[in-house]
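Asker: What follows is the file my_file-v9.tsv, containing TSV, N, CA and C atoms and all ligand atoms:
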```
chain	number	residue	atom	x	y	z
A	1	MET	N	27.15	-31.48	24.76
A	1	MET	CA	28.40	-31.24	25.49
A	1	MET	C	29.57	-31.80	24.68
A	2	THR	N	30.75	-31.48	25.18
A	2	THR	CA	31.91	-31.84	24.37
A	2	THR	C	33.17	-31.88	25.22
A	3	TYR	N	34.22	-32.34	24.59
A	3	TYR	CA	35.55	-32.24	25.18
A	3	TYR	C	36.30	-31.10	24.49
A	4	VAL	N	37.33	-30.57	25.19
A	4	VAL	CA	38.04	-29.39	24.70
A	4	VAL	C	39.55	-29.64	24.77
A	5	ILE	N	40.26	-29.27	23.71
A	5	ILE	CA	41.72	-29.40	23.68
A	5	ILE	C	42.33	-28.06	24.10
A	6	THR	N	43.27	-28.12	25.06
A	6	THR	CA	43.81	-26.90	25.66
A	6	THR	C	45.30	-26.71	25.33
A	7	SER	N	45.95	-25.77	26.01
A	7	SER	CA	47.27	-25.27	25.61
A	7	SER	C	48.39	-26.30	25.48
A	8	PRO	N	48.41	-27.39	26.25
A	8	PRO	CA	49.53	-28.32	26.04
A	8	PRO	C	49.60	-28.89	24.61
A	9	CYS	N	48.49	-28.81	23.88
A	9	CYS	CA	48.49	-29.30	22.49
A	9	CYS	C	49.31	-28.39	21.58
A	10	ILE	N	49.41	-27.13	21.94
A	10	ILE	CA	50.12	-26.18	21.08
A	10	ILE	C	51.59	-26.59	20.98
A	11	GLU	N	52.03	-26.72	19.76
A	11	GLU	CA	53.39	-27.15	19.40
A	11	GLU	C	53.60	-28.65	19.62
A	12	GLU	N	52.73	-29.31	20.40
A	12	GLU	CA	52.87	-30.75	20.63
A	12	GLU	C	52.21	-31.52	19.50
A	13	LYS	N	50.91	-31.31	19.35
A	13	LYS	CA	50.15	-31.89	18.25
A	13	LYS	C	50.46	-33.38	18.04
A	14	ALA	N	50.36	-34.13	19.11
A	14	ALA	CA	50.68	-35.56	19.04
A	14	ALA	C	49.72	-36.31	18.13
A	15	ALA	N	48.45	-35.85	18.11
A	15	ALA	CA	47.44	-36.42	17.21
A	15	ALA	C	46.95	-37.81	17.59
A	16	ASP	N	47.34	-38.32	18.75
A	16	ASP	CA	46.82	-39.62	19.19
A	16	ASP	C	45.30	-39.58	19.27
A	17	CYS	N	44.76	-38.44	19.66
A	17	CYS	CA	43.30	-38.29	19.79
A	17	CYS	C	42.58	-38.48	18.46
A	18	VAL	N	43.20	-38.01	17.38
A	18	VAL	CA	42.58	-38.11	16.06
A	18	VAL	C	42.34	-39.58	15.71
A	19	THR	N	43.30	-40.41	16.09
A	19	THR	CA	43.23	-41.84	15.77
A	19	THR	C	42.12	-42.55	16.55
A	20	VAL	N	41.91	-42.14	17.80
A	20	VAL	CA	40.95	-42.87	18.64
A	20	VAL	C	39.52	-42.35	18.55
A	21	CYS	N	39.32	-41.16	18.05
A	21	CYS	CA	37.97	-40.58	18.03
A	21	CYS	C	37.04	-41.38	17.11
A	22	PRO	N	35.94	-41.90	17.66
A	22	PRO	CA	35.05	-42.77	16.87
A	22	PRO	C	34.18	-42.02	15.87
A	23	VAL	N	34.09	-40.70	16.02
A	23	VAL	CA	33.23	-39.94	15.11
A	23	VAL	C	34.03	-38.95	14.26
A	24	ASP	N	35.37	-39.06	14.29
A	24	ASP	CA	36.25	-38.28	13.42
A	24	ASP	C	35.98	-36.78	13.51
A	25	CYS	N	35.86	-36.29	14.74
A	25	CYS	CA	35.52	-34.87	14.88
A	25	CYS	C	36.68	-34.01	15.35
A	26	ILE	N	37.91	-34.56	15.33
A	26	ILE	CA	39.07	-33.78	15.75
A	26	ILE	C	39.86	-33.37	14.51
A	27	LYS	N	40.00	-32.06	14.33
A	27	LYS	CA	40.61	-31.54	13.11
A	27	LYS	C	41.86	-30.73	13.43
A	28	GLU	N	42.80	-30.73	12.48
A	28	GLU	CA	44.07	-30.05	12.68
A	28	GLU	C	43.97	-28.57	12.35
A	29	GLY	N	44.36	-27.73	13.32
A	29	GLY	CA	44.47	-26.30	13.09
A	29	GLY	C	45.93	-25.93	12.92
A	30	GLU	N	46.19	-24.66	12.76
A	30	GLU	CA	47.56	-24.21	12.51
A	30	GLU	C	48.48	-24.53	13.69
A	31	ASP	N	48.03	-24.26	14.91
A	31	ASP	CA	48.90	-24.42	16.07
A	31	ASP	C	48.49	-25.54	17.01
A	32	GLN	N	47.30	-26.12	16.80
A	32	GLN	CA	46.82	-27.19	17.68
A	32	GLN	C	45.69	-27.94	16.99
A	33	TYR	N	45.24	-29.03	17.62
A	33	TYR	CA	44.05	-29.74	17.13
A	33	TYR	C	42.81	-29.19	17.83
A	34	PHE	N	41.67	-29.36	17.19
A	34	PHE	CA	40.41	-28.88	17.75
A	34	PHE	C	39.35	-29.97	17.67
A	35	ILE	N	38.46	-29.99	18.69
A	35	ILE	CA	37.32	-30.91	18.71
A	35	ILE	C	36.08	-30.15	18.28
A	36	ASP	N	35.36	-30.70	17.29
A	36	ASP	CA	34.13	-30.06	16.84
A	36	ASP	C	33.03	-30.32	17.87
A	37	PRO	N	32.60	-29.26	18.59
A	37	PRO	CA	31.63	-29.46	19.68
A	37	PRO	C	30.26	-29.93	19.20
A	38	ASP	N	29.97	-29.73	17.93
A	38	ASP	CA	28.66	-30.15	17.40
A	38	ASP	C	28.63	-31.63	17.04
A	39	VAL	N	29.81	-32.23	16.92
A	39	VAL	CA	29.88	-33.63	16.48
A	39	VAL	C	30.32	-34.57	17.61
A	40	CYS	N	31.15	-34.07	18.52
A	40	CYS	CA	31.67	-34.86	19.64
A	40	CYS	C	30.54	-35.50	20.44
A	41	ILE	N	30.71	-36.81	20.74
A	41	ILE	CA	29.70	-37.54	21.52
A	41	ILE	C	30.15	-37.73	22.98
A	42	SER	N	31.24	-37.01	23.36
A	42	SER	CA	31.73	-37.04	24.74
A	42	SER	C	32.01	-38.45	25.25
A	43	CYS	N	32.67	-39.25	24.41
A	43	CYS	CA	32.99	-40.62	24.83
A	43	CYS	C	34.19	-40.67	25.76
A	44	GLY	N	35.06	-39.65	25.67
A	44	GLY	CA	36.22	-39.58	26.56
A	44	GLY	C	37.46	-40.30	26.06
A	45	ALA	N	37.38	-40.95	24.91
A	45	ALA	CA	38.53	-41.72	24.40
A	45	ALA	C	39.74	-40.82	24.14
A	46	CYS	N	39.50	-39.62	23.67
A	46	CYS	CA	40.61	-38.71	23.37
A	46	CYS	C	41.34	-38.28	24.63
A	47	GLU	N	40.59	-38.04	25.67
A	47	GLU	CA	41.19	-37.54	26.92
A	47	GLU	C	42.27	-38.51	27.43
A	48	VAL	N	41.95	-39.79	27.43
A	48	VAL	CA	42.93	-40.75	27.95
A	48	VAL	C	44.05	-41.03	26.97
A	49	SER	N	43.85	-40.72	25.70
A	49	SER	CA	44.89	-41.00	24.70
A	49	SER	C	45.95	-39.90	24.64
A	50	CYS	N	45.63	-38.72	25.17
A	50	CYS	CA	46.52	-37.57	25.00
A	50	CYS	C	47.77	-37.68	25.88
A	51	PRO	N	48.96	-37.69	25.25
A	51	PRO	CA	50.20	-37.86	26.03
A	51	PRO	C	50.58	-36.64	26.85
A	52	VAL	N	49.96	-35.50	26.58
A	52	VAL	CA	50.29	-34.29	27.34
A	52	VAL	C	49.11	-33.77	28.17
A	53	SER	N	48.08	-34.62	28.32
A	53	SER	CA	46.90	-34.27	29.14
A	53	SER	C	46.31	-32.92	28.77
A	54	ALA	N	46.12	-32.70	27.49
A	54	ALA	CA	45.60	-31.41	27.01
A	54	ALA	C	44.08	-31.39	26.91
A	55	ILE	N	43.43	-32.56	27.07
A	55	ILE	CA	42.00	-32.65	26.77
A	55	ILE	C	41.17	-32.81	28.04
A	56	TYR	N	40.13	-31.97	28.12
A	56	TYR	CA	39.24	-31.97	29.29
A	56	TYR	C	37.78	-32.02	28.84
A	57	TYR	N	36.95	-32.66	29.67
A	57	TYR	CA	35.52	-32.51	29.51
A	57	TYR	C	35.20	-31.03	29.72
A	58	ILE	N	34.28	-30.49	28.98
A	58	ILE	CA	34.05	-29.04	28.98
A	58	ILE	C	33.81	-28.47	30.38
A	59	ASP	N	33.11	-29.22	31.22
A	59	ASP	CA	32.83	-28.70	32.56
A	59	ASP	C	34.06	-28.73	33.47
A	60	ASP	N	35.10	-29.47	33.04
A	60	ASP	CA	36.29	-29.63	33.87
A	60	ASP	C	37.48	-28.81	33.37
A	61	VAL	N	37.28	-28.00	32.33
A	61	VAL	CA	38.38	-27.18	31.80
A	61	VAL	C	38.83	-26.20	32.89
A	62	PRO	N	40.14	-26.17	33.20
A	62	PRO	CA	40.62	-25.23	34.24
A	62	PRO	C	40.34	-23.79	33.84
A	63	ASP	N	40.18	-22.94	34.84
A	63	ASP	CA	39.83	-21.54	34.59
A	63	ASP	C	40.80	-20.86	33.62
A	64	ASP	N	42.10	-21.15	33.75
A	64	ASP	CA	43.08	-20.47	32.89
A	64	ASP	C	43.14	-21.05	31.49
A	65	GLN	N	42.28	-22.05	31.21
A	65	GLN	CA	42.24	-22.67	29.88
A	65	GLN	C	40.88	-22.46	29.19
A	66	LYS	N	40.00	-21.72	29.83
A	66	LYS	CA	38.63	-21.62	29.31
A	66	LYS	C	38.55	-20.92	27.95
A	67	ALA	N	39.55	-20.12	27.61
A	67	ALA	CA	39.54	-19.45	26.30
A	67	ALA	C	39.56	-20.47	25.16
A	68	PHE	N	40.04	-21.68	25.46
A	68	PHE	CA	40.12	-22.70	24.41
A	68	PHE	C	38.74	-23.24	24.02
A	69	ILE	N	37.76	-23.04	24.88
A	69	ILE	CA	36.39	-23.45	24.53
A	69	ILE	C	35.90	-22.61	23.35
A	70	GLN	N	36.06	-21.30	23.47
A	70	GLN	CA	35.63	-20.41	22.38
A	70	GLN	C	36.52	-20.55	21.15
A	71	LYS	N	37.81	-20.80	21.38
A	71	LYS	CA	38.75	-20.96	20.25
A	71	LYS	C	38.29	-22.11	19.34
A	72	ALA	N	37.81	-23.20	19.95
A	72	ALA	CA	37.34	-24.34	19.16
A	72	ALA	C	36.06	-23.99	18.41
A	73	ILE	N	35.16	-23.29	19.09
A	73	ILE	CA	33.91	-22.89	18.43
A	73	ILE	C	34.23	-22.02	17.22
A	74	ASP	N	35.15	-21.07	17.41
A	74	ASP	CA	35.51	-20.16	16.31
A	74	ASP	C	36.18	-20.91	15.16
A	75	PHE	N	36.99	-21.91	15.50
A	75	PHE	CA	37.69	-22.68	14.46
A	75	PHE	C	36.70	-23.35	13.51
A	76	PHE	N	35.63	-23.91	14.05
A	76	PHE	CA	34.67	-24.64	13.20
A	76	PHE	C	33.64	-23.71	12.54
A	77	LYS	N	33.64	-22.44	12.93
A	77	LYS	CA	32.76	-21.46	12.26
A	77	LYS	C	33.32	-21.04	10.92
A	78	LYS	N	34.66	-21.21	10.75
A	78	LYS	CA	35.32	-20.69	9.54
A	78	LYS	C	34.76	-21.35	8.30
B	1	LIG	FE1	35.98	-37.78	19.76
B	1	LIG	FE2	35.11	-38.98	22.01
B	1	LIG	FE3	37.02	-37.10	22.15
B	1	LIG	FE4	34.54	-36.39	21.53
B	1	LIG	S1	35.22	-37.25	23.50
B	1	LIG	S2	36.41	-35.71	20.50
B	1	LIG	S3	33.82	-38.17	20.34
B	1	LIG	S4	37.18	-39.12	21.14
```
Would you kindly transcribe this structure into structure tokens?
Ligand code: SF4
Answerer:
Amino acid sequence: MTYVITSPCIEEKAADCVTVCPVDCIKEGEDQYFIDPDVCISCGACEVSCPVSAIYYIDDVPDDQKAFIQKAIDFFKK
């Protein structure tokens, strides 16, 4: 399982999450940051660090943000 970064990150890109992640699995994309679902240990540190509340546990991602789950998977496939 993993955490997912959603739309408030777009254009915000505060990057506080990158600093707190203990396994360095948050990478910068063109318009937002992404969490590598294969590396994330679901510690939750990023969720509380995000100043715009963009990060959710995968099971808690709101319905209108679910596209960001696949967007992250696609980002790390490149
Ligand atoms: Fe990193 Fe923990 Fe956030 Fe996963 S939940 S991305 S391991 S800080």
Asker: Pick out the closest residue to ligand LIG 1 (chain B) from this set: A:Ala15, A:Ile58, A:Ile69, A:Cys25. Count all atoms listed in the file.
Answerer: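 Using all atoms listed in the file, ligand LIG 1 (chain B) sits closest to A:Cys25.
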Asker: Output the neighbourhood of ligand LIG 1 (chain B) as a list in words, that is, all protein and nucleic acid residues with some atom at most 6 Å from the ligand, counting only N, CA and C atoms and all ligand atoms.
Answerer: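 The residues near ligand LIG 1 (chain B) are Thr2, Tyr3, Val20, Cys21, Pro22, Val23, Asp24, Cys25, Ile26, Ile35, Val39, Cys40, Ile41, Ser42, Cys43, Gly44, Ala45, Cys46 and Glu47 of chain A.
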Asker: Quick one: of A:Ile73, A:Ser49, A:Tyr57, A:Ala67, who's nearest to Ser7 of chain A, counting only C-alpha atoms?
Answerer: A:Ala67
Asker: Could you check which of A:Phe75, A:Asp59, A:Val52, A:Gln65 is closest to Glu28 of chain A, using only C-alpha atoms?
Answerer: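 Answer, going by the shortest atom-to-atom distance: A:Phe75.
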Asker: What does the structure give for the distance between atom CA of Ser53 of chain A and atom CA of Lys77 of chain A, in Å to one decimal?
Answerer: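 Distance reported for this atom pair: 25.5 Å.
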Asker: What is the distance, in Å and to one decimal place, between atom C of Lys13 of chain A and atom N of Pro37 of chain A?
Answerer: 18.3 Å
Asker: Take atom CA of Asp74 of chain A and atom CA of Val48 of chain A and report the distance between them in Å, one decimal.
Answerer: 24.8 Å
Asker: Measuring between only N, CA and C atoms, which one of A:Pro62, A:Asp38, A:Cys50, A:Tyr56 shows the shortest distance to Ile5 of chain A?
Answerer: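 So, comparing all the options, the nearest one is A:Tyr56.
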Asker: Could you check the closest approach to Cys17 of chain A for each of A:Pro51, A:Met1, A:Lys66, A:Ala72 and tell me which residue wins, using all atoms listed in the file?
Answerer: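 The answer is A:Pro51, which sits nearest to Cys17 of chain A.
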Asker: Adding 3 Å on each side of the box along x, y and z that holds all listed atoms of segment 47-51 of chain A, could you give its centre and edge lengths in Å to one decimal, as AutoDock Vina command-line options?
Answerer:
```
--center_x 45.6 --center_y -38.8 --center_z 26.3 --size_x 16.0 --size_y 10.4 --size_z 9.3
```
Asker: Mind listing the strand (DSSP E or B) residues of chain A, per DSSP on the backbone, as a PyMOL selection string?
Answerer: chain A and resi 3-5+26-28+33-35+55-57
Asker: Apply DSSP to the backbone of this structure and, from chain A, keep only the residues in alpha helix (DSSP H); write these as JSON, numbers by chain.
Answerer: {"A": [16, 17, 18, 19, 20, 45, 46, 47, 48, 49, 67, 68, 69, 70, 71, 72, 73, 74, 75, 76, 77]}
